[in-house]
file input20.cif (mmCIF, N, CA and C atoms)
data_target
loop_
_atom_site.label_atom_id
_atom_site.label_comp_id
_atom_site.auth_asym_id
_atom_site.auth_seq_id
_atom_site.Cartn_x
_atom_site.Cartn_y
_atom_site.Cartn_z
N MET A 1 9.21 -6.31 3.83
CA MET A 1 8.73 -5.24 4.69
C MET A 1 9.90 -4.32 5.04
N ASP A 2 9.58 -3.06 5.27
CA ASP A 2 10.61 -2.11 5.64
C ASP A 2 11.14 -2.44 7.04
N ALA A 3 12.14 -1.69 7.47
CA ALA A 3 12.80 -1.97 8.74
C ALA A 3 11.84 -1.89 9.93
N VAL A 4 10.81 -1.08 9.82
CA VAL A 4 9.86 -0.91 10.90
C VAL A 4 8.70 -1.91 10.77
N GLY A 5 8.61 -2.56 9.63
CA GLY A 5 7.54 -3.53 9.43
C GLY A 5 6.21 -2.91 9.08
N GLN A 6 6.23 -1.69 8.60
CA GLN A 6 4.99 -0.98 8.28
C GLN A 6 4.55 -1.15 6.84
N LEU A 7 5.50 -1.17 5.90
CA LEU A 7 5.17 -1.20 4.48
C LEU A 7 6.01 -2.23 3.73
N CYS A 8 5.40 -2.84 2.73
CA CYS A 8 6.14 -3.69 1.81
C CYS A 8 7.05 -2.77 0.99
N THR A 9 8.32 -3.09 0.90
CA THR A 9 9.25 -2.23 0.16
C THR A 9 9.02 -2.29 -1.34
N GLY A 10 8.37 -3.31 -1.84
CA GLY A 10 8.10 -3.42 -3.27
C GLY A 10 6.82 -2.74 -3.69
N SER A 11 5.76 -2.90 -2.91
CA SER A 11 4.45 -2.39 -3.33
C SER A 11 3.98 -1.17 -2.54
N LEU A 12 4.65 -0.85 -1.45
CA LEU A 12 4.28 0.25 -0.55
C LEU A 12 2.90 0.05 0.08
N ARG A 13 2.48 -1.22 0.22
CA ARG A 13 1.21 -1.52 0.88
C ARG A 13 1.49 -1.99 2.29
N THR A 14 0.50 -1.78 3.16
CA THR A 14 0.57 -2.28 4.53
C THR A 14 0.19 -3.76 4.53
N LEU A 15 0.47 -4.44 5.62
CA LEU A 15 0.06 -5.84 5.73
C LEU A 15 -1.46 -5.98 5.63
N ASP A 16 -2.20 -5.05 6.23
CA ASP A 16 -3.66 -5.08 6.14
C ASP A 16 -4.12 -4.95 4.70
N GLU A 17 -3.51 -4.03 3.95
CA GLU A 17 -3.88 -3.85 2.55
C GLU A 17 -3.56 -5.09 1.72
N ILE A 18 -2.42 -5.69 1.96
CA ILE A 18 -2.03 -6.91 1.25
C ILE A 18 -3.03 -8.02 1.54
N GLY A 19 -3.38 -8.18 2.81
CA GLY A 19 -4.30 -9.23 3.21
C GLY A 19 -5.70 -9.04 2.66
N ALA A 20 -6.13 -7.80 2.54
CA ALA A 20 -7.49 -7.51 2.09
C ALA A 20 -7.62 -7.44 0.57
N TRP A 21 -6.51 -7.34 -0.15
CA TRP A 21 -6.52 -7.06 -1.58
C TRP A 21 -7.47 -7.94 -2.39
N ARG A 22 -7.42 -9.24 -2.18
CA ARG A 22 -8.25 -10.15 -2.98
C ARG A 22 -9.73 -9.92 -2.77
N GLY A 23 -10.12 -9.44 -1.62
CA GLY A 23 -11.52 -9.23 -1.32
C GLY A 23 -12.03 -7.83 -1.65
N LEU A 24 -11.15 -6.95 -2.09
CA LEU A 24 -11.57 -5.58 -2.37
C LEU A 24 -12.27 -5.48 -3.72
N ASP A 25 -13.28 -4.62 -3.77
CA ASP A 25 -13.92 -4.32 -5.05
C ASP A 25 -13.10 -3.24 -5.75
N ALA A 26 -13.51 -2.85 -6.94
CA ALA A 26 -12.76 -1.86 -7.72
C ALA A 26 -12.56 -0.55 -6.96
N PRO A 27 -13.60 0.03 -6.35
CA PRO A 27 -13.37 1.28 -5.59
C PRO A 27 -12.38 1.09 -4.42
N GLY A 28 -12.44 -0.06 -3.78
CA GLY A 28 -11.51 -0.33 -2.69
C GLY A 28 -10.07 -0.41 -3.17
N ARG A 29 -9.88 -1.06 -4.30
CA ARG A 29 -8.53 -1.15 -4.87
C ARG A 29 -8.03 0.22 -5.32
N LEU A 30 -8.93 1.00 -5.90
CA LEU A 30 -8.53 2.36 -6.31
C LEU A 30 -8.12 3.19 -5.10
N ALA A 31 -8.79 3.00 -3.98
CA ALA A 31 -8.43 3.72 -2.76
C ALA A 31 -7.03 3.32 -2.29
N VAL A 32 -6.72 2.03 -2.37
CA VAL A 32 -5.38 1.57 -2.00
C VAL A 32 -4.34 2.16 -2.95
N TRP A 33 -4.64 2.15 -4.26
CA TRP A 33 -3.71 2.73 -5.23
C TRP A 33 -3.46 4.21 -4.94
N ALA A 34 -4.50 4.93 -4.52
CA ALA A 34 -4.33 6.34 -4.18
C ALA A 34 -3.40 6.50 -2.98
N GLN A 35 -3.56 5.62 -1.99
CA GLN A 35 -2.66 5.64 -0.82
C GLN A 35 -1.23 5.36 -1.24
N ILE A 36 -1.05 4.38 -2.11
CA ILE A 36 0.29 4.04 -2.59
C ILE A 36 0.92 5.25 -3.27
N ALA A 37 0.16 5.95 -4.11
CA ALA A 37 0.67 7.13 -4.80
C ALA A 37 1.11 8.20 -3.81
N ARG A 38 0.30 8.41 -2.75
CA ARG A 38 0.68 9.40 -1.73
C ARG A 38 1.96 8.98 -1.01
N ARG A 39 2.05 7.69 -0.70
CA ARG A 39 3.26 7.22 -0.01
C ARG A 39 4.49 7.36 -0.90
N ALA A 40 4.34 7.07 -2.18
CA ALA A 40 5.46 7.16 -3.11
C ALA A 40 5.95 8.60 -3.22
N GLN A 41 5.03 9.56 -3.24
CA GLN A 41 5.42 10.97 -3.32
C GLN A 41 6.09 11.44 -2.05
N ALA A 42 5.68 10.89 -0.92
CA ALA A 42 6.23 11.30 0.36
C ALA A 42 7.56 10.62 0.69
N ALA A 43 7.86 9.54 -0.04
CA ALA A 43 9.07 8.76 0.25
C ALA A 43 10.32 9.57 -0.11
N PRO A 44 11.32 9.49 0.73
CA PRO A 44 12.58 10.20 0.43
C PRO A 44 13.30 9.57 -0.75
N GLY A 45 13.98 10.42 -1.49
CA GLY A 45 14.87 9.99 -2.56
C GLY A 45 14.27 9.47 -3.76
#
call {"tool": "encode", "arguments": {"input": "input20.cif", "output": "structure tokens"}}
result
Amino acid sequence: MDAVGQLCTGSLRTLDEIGAWRGLDAPGRLAVWAQIARRAQAAPG
């Protein structure tokens, strides 16, 4: 987790997203992947 405990530094997922991952259907997982892509673009450096 990052210094603030908000995101996994490896996957850029929140703890809620990590916990829910196994139970998500395909559209739910695609939504998480879209969030990850937005976070990656917004990340510095």
call {"tool": "select_by_dssp", "arguments": {"input": "input20.cif", "residues": "chain A", "states": "helix (DSSP H, G or I)", "output": "list of chain:residue names"}}
result
A:Leu15, A:Asp16, A:Glu17, A:Ile18, A:Gly19, A:Ala20, A:Trp21, A:Arg22, A:Gly23, A:Ala26, A:Pro27, A:Gly28, A:Arg29, A:Leu30, A:Ala31, A:Val32, A:Trp33, A:Ala34, A:Gln35, A:Ile36, A:Ala37, A:Arg38, A:Arg39, A:Ala40, A:Gln41, A:Ala42
call {"tool": "residues_around", "arguments": {"input": "input20.cif", "residues": "Arg13 (chain A)", "least_positions_apart": "5", "cutoff": "8 Å", "atoms": "all atoms listed in the file", "output": "PyMOL selection string"}}
result
chain A and resi 6-8+18-19+32+35-36
call {"tool": "atom_distance", "arguments": {"input": "input20.cif", "atom1": "CA of Gln41 (chain A)", "atom2": "CA of Arg29 (chain A)"}}
result
18.5 Å
call {"tool": "residues_around", "arguments": {"input": "input20.cif", "residues": "Trp33 (chain A)", "least_positions_apart": "6", "cutoff": "10 Å", "atoms": "only C-alpha atoms", "output": "number ranges by chain"}}
result
A: 11-13, 27, 39
call {"tool": "atom_distance", "arguments": {"input": "input20.cif", "atom1": "CA of Asp2 (chain A)", "atom2": "CA of Pro44 (chain A)"}}
result
13.5 Å
call {"tool": "atom_distance", "arguments": {"input": "input20.cif", "atom1": "atom N of Ala31 (chain A)", "atom2": "atom C of Ala3 (chain A)"}}
result
25.4 Å
